[in-house]
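Read the structure below first, then the notes.
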Amino acid sequence: MRPLLLLLVSASLAFSGATSAAPADAPWRDLFNGRDLTGWKIVSGQPGAKAYVENGEMIGHIVRGTPEHTFFCTEEKFGDFILELDSFQVAGFNTGVLFRCIDTPPAASVRLHGYQVKIDPSPTRRWTGGIFDDYGRNWLWLYTLAADERARTAYKFNEWSRIRVEAIGRSLKVWVNGIPTAHLVDDKYTRGYIAFKIHSFGANGDAAQEKNLIHFKNVRIITENPARYALPMDLPAREADPTQKVLPKP
């Protein structure tokens, strides 16, 4: 019975959907050196929000009177990859991780469009780890967490959280703190930048919200044969949610 029991336990672990240690030979590459923005650029309208490096972290600081989103944006573009990073959201900071994002025309309302893994500021909705299409004045949820309570409880406010994104072909997977949150099949964006968002903020916004910060660190990526290092996930793959409607920018 012992061999059978071992086999069952191994299978359970393999398909639990939780992230596990990658093979020792996984070709991780650091995207952020912890000292400065080498390999990154700040993308924004004018004026832009505050975006800087301090204590080994990328820190975003919303500022009133910034009509466009501001982004920490990689200089390099990526197609298929596995991305991991740590984020710490102070209070209700409105942010997210964009990937495969593209430059927009000069007349666009923001500088980047792309998939966004939402870091949700709402303590009641709690859709951190869902995916939406962020394209300026309008946005569309592609994969919500509305029916997944396990995913909705994965993210913790005011704590460091680990986010993993696997973008391999049309398969887009997300984990938050080792818990699967999204398994989307989509191909609108196939190659582009990785970016961290600092939300726009109206001139008449609550001044107290300017104290809210977002922190990112330990940003690393696999681009060499990422499919080899992809993890199993117990969420079924699905196309974009057809019940969602295009929403205007708040």
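In the structure tokens, the first chain shown is A, the next is B, and so on; residue numbers restart at 1 for each chain, and ligands run from 1 in the order shown.
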
- Message: If DSSP is run on the backbone, what residues of range 1-198 of chain A are strand (DSSP E or B)? A reply as a PyMOL selection string would be ideal.
- Response: chain A and resi 29-30+40-43+50-54+57-61+66+70-74+78+81-89+95-103+112-119+131-135+138-143+161-168+171-176+179-185+192-198

May I have the selected residues written with C-alpha atoms, as a PDB file, in the first residue's frame?
ATOM      1  CA  ARG A  29      16.654  36.548 -15.118  1.00  0.00           C
ATOM      2  CA  ASP A  30      16.267  39.559 -12.838  1.00  0.00           C
ATOM      3  CA  TRP A  40      13.138  50.389 -17.315  1.00  0.00           C
ATOM      4  CA  LYS A  41      11.580  53.691 -18.287  1.00  0.00           C
ATOM      5  CA  ILE A  42       8.827  55.851 -16.835  1.00  0.00           C
ATOM      6  CA  VAL A  43       5.918  56.241 -19.224  1.00  0.00           C
ATOM      7  CA  LYS A  50       5.868  59.887  -8.713  1.00  0.00           C
ATOM      8  CA  ALA A  51       7.817  56.749  -9.618  1.00  0.00           C
ATOM      9  CA  TYR A  52      11.174  56.013  -8.029  1.00  0.00           C
ATOM     10  CA  VAL A  53      13.468  53.386  -6.493  1.00  0.00           C
ATOM     11  CA  GLU A  54      14.091  53.246  -2.748  1.00  0.00           C
ATOM     12  CA  GLU A  57      11.895  48.588  -4.295  1.00  0.00           C
ATOM     13  CA  MET A  58      10.063  50.307  -7.114  1.00  0.00           C
ATOM     14  CA  ILE A  59       7.640  52.701  -5.448  1.00  0.00           C
ATOM     15  CA  GLY A  60       4.672  54.369  -7.084  1.00  0.00           C
ATOM     16  CA  HIS A  61       2.969  57.378  -5.534  1.00  0.00           C
ATOM     17  CA  THR A  66      -2.329  63.549 -13.169  1.00  0.00           C
ATOM     18  CA  THR A  70       1.946  56.494 -15.071  1.00  0.00           C
ATOM     19  CA  PHE A  71       3.915  53.276 -15.618  1.00  0.00           C
ATOM     20  CA  PHE A  72       7.174  51.652 -14.686  1.00  0.00           C
ATOM     21  CA  CYS A  73       7.767  50.051 -18.099  1.00  0.00           C
ATOM     22  CA  THR A  74      10.435  47.660 -19.346  1.00  0.00           C
ATOM     23  CA  PHE A  78       8.350  39.989 -24.324  1.00  0.00           C
ATOM     24  CA  PHE A  81       7.402  34.223 -20.562  1.00  0.00           C
ATOM     25  CA  ILE A  82       6.971  33.396 -16.897  1.00  0.00           C
ATOM     26  CA  LEU A  83       7.045  36.418 -14.596  1.00  0.00           C
ATOM     27  CA  GLU A  84       7.250  36.562 -10.809  1.00  0.00           C
ATOM     28  CA  LEU A  85       7.248  39.596  -8.540  1.00  0.00           C
ATOM     29  CA  ASP A  86       6.368  40.754  -5.040  1.00  0.00           C
ATOM     30  CA  SER A  87       3.950  43.639  -4.496  1.00  0.00           C
ATOM     31  CA  PHE A  88       2.819  45.539  -1.416  1.00  0.00           C
ATOM     32  CA  GLN A  89      -0.251  47.717  -1.716  1.00  0.00           C
ATOM     33  CA  THR A  95      -2.729  49.463  -9.645  1.00  0.00           C
ATOM     34  CA  GLY A  96      -1.905  46.398 -11.690  1.00  0.00           C
ATOM     35  CA  VAL A  97       0.692  44.488 -13.680  1.00  0.00           C
ATOM     36  CA  LEU A  98       0.434  45.005 -17.434  1.00  0.00           C
ATOM     37  CA  PHE A  99       1.982  42.531 -19.852  1.00  0.00           C
ATOM     38  CA  ARG A 100       2.366  42.241 -23.600  1.00  0.00           C
ATOM     39  CA  CYS A 101       1.418  45.908 -23.593  1.00  0.00           C
ATOM     40  CA  ILE A 102       1.892  48.121 -26.616  1.00  0.00           C
ATOM     41  CA  ASP A 103       2.587  51.774 -27.356  1.00  0.00           C
ATOM     42  CA  LEU A 112       0.111  51.877 -23.013  1.00  0.00           C
ATOM     43  CA  HIS A 113      -2.602  49.334 -23.802  1.00  0.00           C
ATOM     44  CA  GLY A 114      -2.439  45.656 -22.835  1.00  0.00           C
ATOM     45  CA  TYR A 115      -3.487  42.844 -20.567  1.00  0.00           C
ATOM     46  CA  GLN A 116      -3.562  43.833 -16.930  1.00  0.00           C
ATOM     47  CA  VAL A 117      -3.418  41.586 -13.877  1.00  0.00           C
ATOM     48  CA  LYS A 118      -5.484  43.649 -11.490  1.00  0.00           C
ATOM     49  CA  ILE A 119      -4.288  44.512  -7.998  1.00  0.00           C
ATOM     50  CA  ILE A 131      -7.297  39.931 -15.944  1.00  0.00           C
ATOM     51  CA  PHE A 132      -8.753  42.802 -17.896  1.00  0.00           C
ATOM     52  CA  ASP A 133      -8.020  44.527 -21.173  1.00  0.00           C
ATOM     53  CA  ASP A 134      -6.813  48.032 -20.325  1.00  0.00           C
ATOM     54  CA  TYR A 135      -7.099  50.334 -23.300  1.00  0.00           C
ATOM     55  CA  ASN A 138     -12.419  52.056 -21.778  1.00  0.00           C
ATOM     56  CA  TRP A 139     -11.592  48.727 -20.182  1.00  0.00           C
ATOM     57  CA  LEU A 140     -13.052  45.235 -20.252  1.00  0.00           C
ATOM     58  CA  TRP A 141     -12.806  42.439 -17.728  1.00  0.00           C
ATOM     59  CA  LEU A 142     -11.695  39.277 -19.511  1.00  0.00           C
ATOM     60  CA  TYR A 143     -11.429  36.998 -16.471  1.00  0.00           C
ATOM     61  CA  SER A 161       2.118  39.235  -2.001  1.00  0.00           C
ATOM     62  CA  ARG A 162       3.766  37.035  -4.637  1.00  0.00           C
ATOM     63  CA  ILE A 163       2.320  37.226  -8.145  1.00  0.00           C
ATOM     64  CA  ARG A 164       3.162  34.758 -10.905  1.00  0.00           C
ATOM     65  CA  VAL A 165       2.118  35.245 -14.534  1.00  0.00           C
ATOM     66  CA  GLU A 166       2.588  32.617 -17.234  1.00  0.00           C
ATOM     67  CA  ALA A 167       1.977  33.915 -20.768  1.00  0.00           C
ATOM     68  CA  ILE A 168       2.628  31.101 -23.229  1.00  0.00           C
ATOM     69  CA  SER A 171      -2.631  30.575 -22.461  1.00  0.00           C
ATOM     70  CA  LEU A 172      -2.503  33.254 -19.750  1.00  0.00           C
ATOM     71  CA  LYS A 173      -2.276  31.999 -16.156  1.00  0.00           C
ATOM     72  CA  VAL A 174      -2.021  33.907 -12.882  1.00  0.00           C
ATOM     73  CA  TRP A 175      -1.289  32.870  -9.305  1.00  0.00           C
ATOM     74  CA  VAL A 176      -1.427  35.083  -6.205  1.00  0.00           C
ATOM     75  CA  ILE A 179      -3.279  30.257  -5.355  1.00  0.00           C
ATOM     76  CA  PRO A 180      -4.549  30.037  -8.960  1.00  0.00           C
ATOM     77  CA  THR A 181      -6.652  33.085  -9.831  1.00  0.00           C
ATOM     78  CA  ALA A 182      -6.948  33.166 -13.631  1.00  0.00           C
ATOM     79  CA  HIS A 183      -6.609  30.832 -16.618  1.00  0.00           C
ATOM     80  CA  LEU A 184      -7.535  32.844 -19.680  1.00  0.00           C
ATOM     81  CA  VAL A 185      -7.268  31.867 -23.338  1.00  0.00           C
ATOM     82  CA  GLY A 192       4.964  43.795 -25.686  1.00  0.00           C
ATOM     83  CA  TYR A 193       6.269  45.463 -22.560  1.00  0.00           C
ATOM     84  CA  ILE A 194       5.782  44.559 -18.919  1.00  0.00           C
ATOM     85  CA  ALA A 195       4.633  47.539 -16.869  1.00  0.00           C
ATOM     86  CA  PHE A 196       3.477  48.430 -13.366  1.00  0.00           C
ATOM     87  CA  LYS A 197       0.650  50.941 -13.204  1.00  0.00           C
ATOM     88  CA  ILE A 198       0.205  54.067 -11.090  1.00  0.00           C
TER      89      ILE A 198
END

- All helix (DSSP H, G or I) positions in range 2-248 of chain A, as a ChimeraX atom specification: /A:2-14,149-152,207-211,226-229

For the residues selected in the previous step, produce a file with N, CA and C atoms as a compact mmCIF listing (two decimals), in the first residue's frame.
# COMPACT_ATOMS: atom_id res chain seq x y z
N ARG A 2 2.06 1.18 0.54
CA ARG A 2 2.86 2.40 0.64
C ARG A 2 3.19 2.99 -0.72
N PRO A 3 3.61 2.18 -1.72
CA PRO A 3 3.84 2.78 -3.04
C PRO A 3 2.60 3.45 -3.61
N LEU A 4 1.42 2.82 -3.42
CA LEU A 4 0.19 3.41 -3.92
C LEU A 4 -0.10 4.72 -3.21
N LEU A 5 0.09 4.75 -1.89
CA LEU A 5 -0.15 5.97 -1.12
C LEU A 5 0.78 7.09 -1.58
N LEU A 6 2.04 6.75 -1.82
CA LEU A 6 3.00 7.75 -2.28
C LEU A 6 2.58 8.30 -3.63
N LEU A 7 2.09 7.41 -4.51
CA LEU A 7 1.66 7.84 -5.82
C LEU A 7 0.48 8.80 -5.72
N LEU A 8 -0.47 8.49 -4.85
CA LEU A 8 -1.64 9.35 -4.70
C LEU A 8 -1.27 10.71 -4.14
N VAL A 9 -0.37 10.72 -3.15
CA VAL A 9 0.07 11.98 -2.56
C VAL A 9 0.79 12.83 -3.60
N SER A 10 1.66 12.19 -4.38
CA SER A 10 2.40 12.91 -5.42
C SER A 10 1.46 13.52 -6.44
N ALA A 11 0.44 12.74 -6.84
CA ALA A 11 -0.51 13.25 -7.82
C ALA A 11 -1.30 14.42 -7.27
N SER A 12 -1.67 14.32 -5.97
CA SER A 12 -2.41 15.41 -5.34
C SER A 12 -1.61 16.69 -5.33
N LEU A 13 -0.33 16.58 -5.00
CA LEU A 13 0.52 17.77 -4.97
C LEU A 13 0.69 18.35 -6.36
N ALA A 14 0.84 17.47 -7.35
CA ALA A 14 1.11 17.93 -8.72
C ALA A 14 -0.06 18.73 -9.28
N GLU A 149 -14.23 32.04 -4.72
CA GLU A 149 -13.92 32.58 -3.40
C GLU A 149 -12.49 32.27 -2.98
N ARG A 150 -11.98 31.12 -3.38
CA ARG A 150 -10.59 30.80 -3.06
C ARG A 150 -9.66 31.85 -3.64
N ALA A 151 -9.88 32.21 -4.90
CA ALA A 151 -9.03 33.22 -5.54
C ALA A 151 -9.22 34.59 -4.90
N ARG A 152 -10.45 34.91 -4.52
CA ARG A 152 -10.73 36.24 -3.96
C ARG A 152 -10.06 36.44 -2.61
N ALA A 207 -7.08 64.40 -0.93
CA ALA A 207 -5.64 64.57 -0.69
C ALA A 207 -5.06 63.45 0.15
N ALA A 208 -5.88 62.85 1.02
CA ALA A 208 -5.38 61.78 1.88
C ALA A 208 -4.93 60.58 1.06
N GLN A 209 -5.53 60.38 -0.12
CA GLN A 209 -5.15 59.23 -0.94
C GLN A 209 -3.76 59.37 -1.54
N GLU A 210 -3.22 60.58 -1.54
CA GLU A 210 -1.87 60.76 -2.05
C GLU A 210 -0.83 60.09 -1.16
N LYS A 211 -1.22 59.69 0.02
CA LYS A 211 -0.31 58.98 0.91
C LYS A 211 -0.21 57.49 0.55
N PRO A 226 9.90 28.87 -21.83
CA PRO A 226 9.09 28.96 -20.60
C PRO A 226 8.11 27.80 -20.43
N ALA A 227 7.67 27.18 -21.52
CA ALA A 227 6.72 26.07 -21.40
C ALA A 227 7.30 24.93 -20.57
N ARG A 228 8.61 24.78 -20.60
CA ARG A 228 9.26 23.71 -19.83
C ARG A 228 9.08 23.92 -18.33
N TYR A 229 8.93 25.18 -17.92
CA TYR A 229 8.88 25.50 -16.49
C TYR A 229 7.48 25.91 -16.05

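If only C-alpha atoms are the atoms counted, then among A:Gly48, A:Gly79, A:Pro232, A:Gly92 the closest residue to Val110 in chain A is A:Gly48.
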
- One-decimal distance in Å that lies between CA of Ala203 in chain A and CA of Glu68 in chain A: 11.7 Å

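If only C-alpha atoms are the atoms counted, then among A:Asp80, A:Asp36, A:Arg220, A:Pro121 the closest residue to Thr190 in chain A is A:Asp80.
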
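Minimum distance to Thr223 in chain A across A:Gln244, A:Trp160, A:Pro67, A:Lys77 (counting only C-alpha atoms) occurs at A:Lys77.
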